[in-house]
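J.: One structure is given below, represented as structure tokens, and several questions about it will come after.
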Amino acid sequence: MWDVPKWKTLILDYLFGKAPGIDMKVINNRLVRYDGTPVKYVQTPNTSGVIVPKYLVIHYGANSSKDNLVKTLTSKIAKVSAQLVIGRDGEVVELADLNAKCWHAGQSEWKNLKGMNAYTIGIELDNYGRLIKTADGGWITYFGKKVDPSEVIVAKHKLGGPMSGWHTYTEAQLDSLEEVGLALFDHYKLEDVLGHEDIAPGRKSDPGPAFPMVSFRSKMHGRESEDGLT
Ligand SMILES: [Zn+2]
């Protein structure tokens with residue numbers, strides 16, 4: 001027998017062409033799929049205490065791969081972490097309870113709050129971030145990997161600086177992020193979604209101009225984006 005949430009997901013899949021099985025909810029501060037199976041979990045040692053999340057913070061990982069990003073965020077020596085990682089294939093990996101204080105924001109502030117790790121859930125998206133132009137007009141990462149031009153946008157950061165190349169996010173990744181974000185907003189009654197660049201301006205540029213913050217924020221607040229149902 002199928003339970004009601006599965007029916008709901010299948011109907012939504014049919015109407016909107018979504019991949020099945022990414023409809024998420026939060027149970028005991030862990031992300032769970034509609035059928036009750038938890039998302040992949042790799043515990044990070046880099047947490048300190050419990051928080052009441054008020055905001056979602058979006059990052060790019062600026063790492064060479066999802067697996068290396070997870071490795072860094074679970075390394076005792078690196079002393080960094082986030083509650084969630086989302087790969088370019090859309091896979092979601094949880095690294096800590098969603099109400100554990102993770103170490104992703106660093107020195108940061110928003111409105112009257114300082115030290116945003118204490119108030120936020122951090123999501124690290126597998127993405128190279130800012131790219132470097134080569135002599136032949138191509139693009140490479142800061143660690144020298146060539147990036148296909150189809151995965152690059154050229155833009156100025158909203159906080160200033162020169163025109164630059166930025167690694168694009170994938171559709172599968174943004175679809176997963178939307179499902180995750182909606183589950184988090186619903187469960188924790190989050191106030192808003194912020195970029196790392198918003199809470200640490202001048203120091204951080206992520207998630208940068210390639211991230212569709214305006215439409216993502218609209219979706220999290222239950223508003224349709226300007227271009228209709230998407
Ligand atoms: Zn960041």
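Here's how to read the names in the structure tokens: chain A, B, ... by the order shown, residue numbers from 1 in each chain, ligand numbers from 1 in the order shown.
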Any idea what's packed within 12 Å of Lys25 in chain A, counting only C-alpha atoms, ignoring anything in its chain fewer than 3 positions away? Could you give it as a compact mmCIF listing (two decimals) with C-alpha atoms, in the first residue's frame?
T.:
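Okay, out-v3.txt is ready:
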```
# COMPACT_ATOMS: atom_id res chain seq x y z
CA PRO A 5 2.69 11.44 0.91
CA GLY A 21 11.87 10.47 -4.16
CA ILE A 22 13.21 13.91 -3.31
CA ASN A 28 14.29 14.17 14.96
CA ASN A 29 16.44 16.87 13.35
CA ARG A 30 17.37 14.56 10.47
CA LEU A 31 16.28 14.85 6.84
CA VAL A 32 14.11 11.97 5.73
CA ARG A 33 12.47 11.13 2.40
CA TYR A 34 8.71 10.77 2.10
CA ASP A 35 9.02 6.97 2.37
CA GLY A 36 10.88 7.28 5.70
CA THR A 37 14.42 6.55 4.49
CA PRO A 38 16.98 9.02 5.80
CA VAL A 39 19.33 10.83 3.44
CA LEU A 98 20.07 19.95 11.73
CA GLU A 179 13.05 20.16 -1.62
CA VAL A 180 15.48 20.38 1.29
CA GLY A 181 14.88 24.10 1.78
CA LEU A 182 11.10 23.71 1.81
CA ALA A 183 11.35 20.93 4.42
CA LEU A 184 13.62 23.08 6.59
CA PHE A 185 11.48 26.22 6.25
CA ASP A 186 8.39 24.22 7.10
CA HIS A 187 9.85 22.39 10.10
CA TYR A 188 11.90 25.14 11.73
```
J.: Please build the interface table for chain A against ligand 1 with a cut-off of 9 Å, listing for each qualifying residue the nearest atom pair and the distance in Å to one decimal; count only C-alpha atoms and all ligand atoms, order rows by chain and increasing number, and write it as CSV.
T.:
```
residue,atom,partner,partner_atom_place_in_ligand_line,distance
A:Val57,CA,ligand 1,1 (Zn),8.3
A:Ile58,CA,ligand 1,1 (Zn),7.1
A:His59,CA,ligand 1,1 (Zn),4.2
A:Tyr60,CA,ligand 1,1 (Zn),5.9
A:Gly61,CA,ligand 1,1 (Zn),6.9
A:Ala62,CA,ligand 1,1 (Zn),8.7
A:His104,CA,ligand 1,1 (Zn),6.3
A:Ala105,CA,ligand 1,1 (Zn),6.4
A:Gly106,CA,ligand 1,1 (Zn),8.6
A:Gly122,CA,ligand 1,1 (Zn),8.5
A:Ile123,CA,ligand 1,1 (Zn),8.8
A:Glu124,CA,ligand 1,1 (Zn),7.3
A:Gly195,CA,ligand 1,1 (Zn),7.8
A:His196,CA,ligand 1,1 (Zn),5.0
A:Glu197,CA,ligand 1,1 (Zn),7.4
A:Ala200,CA,ligand 1,1 (Zn),8.8
A:Lys204,CA,ligand 1,1 (Zn),6.5
A:Ser205,CA,ligand 1,1 (Zn),7.6
A:Asp206,CA,ligand 1,1 (Zn),5.4
A:Pro207,CA,ligand 1,1 (Zn),7.1
```
J.: Please give the complete set of residues from range 116-164 of chain A that DSSP, run on the backbone, assigns to strand (DSSP E or B), formatted as a ChimeraX atom specification.
T.: /A:120-125,130-133,139-140,146-147,152-157,160-164
J.: Which residue, A:Gly90, A:Gly49, A:Gly222, A:Gly129, has the smallest gap to Gly165 in chain A when you use only C-alpha atoms?
T.: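 Residue with the minimum atom-to-atom distance to Gly165 in chain A: A:Gly129.
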J.: As an MDAnalysis selection string, please: the residues near Trp110 in chain A (cut-off 10 Å, only C-alpha atoms, same-chain neighbours under 2 positions excluded).
T.: chainID A and resid 55 108 112:116 194 198:200
J.: Determine, counting only C-alpha atoms, which protein, DNA and RNA residues have an atom within 9 Å of an atom of Trp139 in chain A; residues of the same chain fewer than 3 positions away are not included. Present the result as a list of chain:residue names.
T.: A:Leu131, A:Ile132, A:Lys133, A:Thr134, A:Asp136, A:Lys145, A:Lys146, A:Val147, A:Asp148, A:Pro149, A:Val152, A:Gly165
J.: Identify which of the residues A:Gly87, A:Pro45, A:Gly138, A:Pro53 lies closest to Ile153 in chain A, counting only C-alpha atoms when measuring atom-to-atom distances.
T.: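 Counting only C-alpha atoms, the residue closest to Ile153 in chain A is A:Gly138.
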J.: Here is a test: counting only C-alpha atoms, which residue of A:His221, A:Asp89, A:Ile51, A:Asn46 is nearest to Ser75 in chain A?
T.: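 Residue with the minimum atom-to-atom distance to Ser75 in chain A: A:Asn46.
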J.: Using only C-alpha atoms, which of A:Met213, A:Thr44, A:Trp166, A:Ser64 sits nearest Ile77 in chain A?
T.: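 Once distances to Ile77 in chain A are computed over only C-alpha atoms, the minimum belongs to A:Thr44.
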J.: DSSP on the backbone, helix (DSSP H, G or I) only: what residues of range 26-197 of chain A does that give? Format it as a VMD selection string.
T.: chain A and resid 66 to 73 116 to 118 149 to 151 171 to 188 196 to 197
J.: Those same residues - C-alpha atoms - I'd like them written as a PDB file, in the first residue's frame.
T.:
```pdb
ATOM      1  CA  LYS A  66      31.365  16.338  -3.464  1.00  0.00           C
ATOM      2  CA  ASP A  67      33.355  13.532  -1.808  1.00  0.00           C
ATOM      3  CA  ASN A  68      36.278  15.834  -1.084  1.00  0.00           C
ATOM      4  CA  LEU A  69      33.890  18.477   0.203  1.00  0.00           C
ATOM      5  CA  VAL A  70      32.381  15.938   2.632  1.00  0.00           C
ATOM      6  CA  LYS A  71      35.924  14.878   3.602  1.00  0.00           C
ATOM      7  CA  THR A  72      36.909  18.476   4.398  1.00  0.00           C
ATOM      8  CA  LEU A  73      33.715  19.184   6.335  1.00  0.00           C
ATOM      9  CA  MET A 116      25.698  33.277  12.619  1.00  0.00           C
ATOM     10  CA  ASN A 117      26.665  29.625  13.244  1.00  0.00           C
ATOM     11  CA  ALA A 118      24.502  29.925  16.338  1.00  0.00           C
ATOM     12  CA  PRO A 149      32.402  26.919 -20.867  1.00  0.00           C
ATOM     13  CA  SER A 150      28.850  25.511 -20.715  1.00  0.00           C
ATOM     14  CA  GLU A 151      29.244  25.473 -16.907  1.00  0.00           C
ATOM     15  CA  GLU A 171      19.395  21.617 -12.235  1.00  0.00           C
ATOM     16  CA  ALA A 172      19.473  18.391 -10.198  1.00  0.00           C
ATOM     17  CA  GLN A 173      21.317  20.235  -7.424  1.00  0.00           C
ATOM     18  CA  LEU A 174      18.879  23.165  -7.380  1.00  0.00           C
ATOM     19  CA  ASP A 175      15.885  20.777  -7.451  1.00  0.00           C
ATOM     20  CA  SER A 176      17.254  18.912  -4.423  1.00  0.00           C
ATOM     21  CA  LEU A 177      18.043  22.182  -2.663  1.00  0.00           C
ATOM     22  CA  GLU A 178      14.464  23.333  -3.191  1.00  0.00           C
ATOM     23  CA  GLU A 179      13.046  20.158  -1.625  1.00  0.00           C
ATOM     24  CA  VAL A 180      15.482  20.379   1.286  1.00  0.00           C
ATOM     25  CA  GLY A 181      14.875  24.096   1.775  1.00  0.00           C
ATOM     26  CA  LEU A 182      11.097  23.710   1.812  1.00  0.00           C
ATOM     27  CA  ALA A 183      11.346  20.930   4.416  1.00  0.00           C
ATOM     28  CA  LEU A 184      13.621  23.084   6.592  1.00  0.00           C
ATOM     29  CA  PHE A 185      11.484  26.216   6.253  1.00  0.00           C
ATOM     30  CA  ASP A 186       8.389  24.221   7.099  1.00  0.00           C
ATOM     31  CA  HIS A 187       9.847  22.388  10.100  1.00  0.00           C
ATOM     32  CA  TYR A 188      11.904  25.137  11.733  1.00  0.00           C
ATOM     33  CA  HIS A 196      27.381  33.542   3.046  1.00  0.00           C
ATOM     34  CA  GLU A 197      28.222  36.736   1.107  1.00  0.00           C
TER      35      GLU A 197
END
```
J.: What's around Val50 in chain A at 10 Å? Count only C-alpha atoms, leave out sequence neighbours fewer than 2 positions away in its own chain, and write the answer as a compact mmCIF listing (two decimals) with C-alpha atoms, in the first residue's frame.
T.:
```txt
# COMPACT_ATOMS: atom_id res chain seq x y z
CA THR A 47 29.95 20.79 16.06
CA SER A 48 29.43 22.60 19.35
CA VAL A 52 17.39 27.02 17.31
CA PRO A 53 17.77 27.65 13.55
CA ASP A 97 21.78 16.97 13.34
CA LEU A 98 20.07 19.95 11.73
CA ASN A 99 19.97 21.71 15.11
CA ALA A 100 23.64 21.08 15.88
CA LYS A 101 25.83 24.19 15.78
CA CYS A 102 28.08 23.71 12.74
CA ALA A 118 24.50 29.92 16.34
CA TYR A 119 21.36 30.79 14.35
```
J.: Using CA of Gly144 in chain A and CA of Pro209 in chain A as the two end points, give the distance in Å to one decimal.
T.: 21.1 Å
J.: If I take CA of Ser65 in chain A and CA of Val93 in chain A, how far is one from the other in Å, to one decimal?
T.: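 It comes out at 13.1 Å.
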J.: With distances taken over only C-alpha atoms, which of A:Thr120, A:Thr170, A:Gln43, A:Ser215 is nearest to Ala96 in chain A?
T.: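 Looking only at the distances to Ala96 in chain A, the closest residue turns out to be A:Gln43.
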J.: Using Å and a single decimal, report how far CA of Phe143 in chain A sits from CA of Leu56 in chain A.
T.: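 Answer for the CA of Leu56 in chain A to CA of Phe143 in chain A separation: 28.4 Å.
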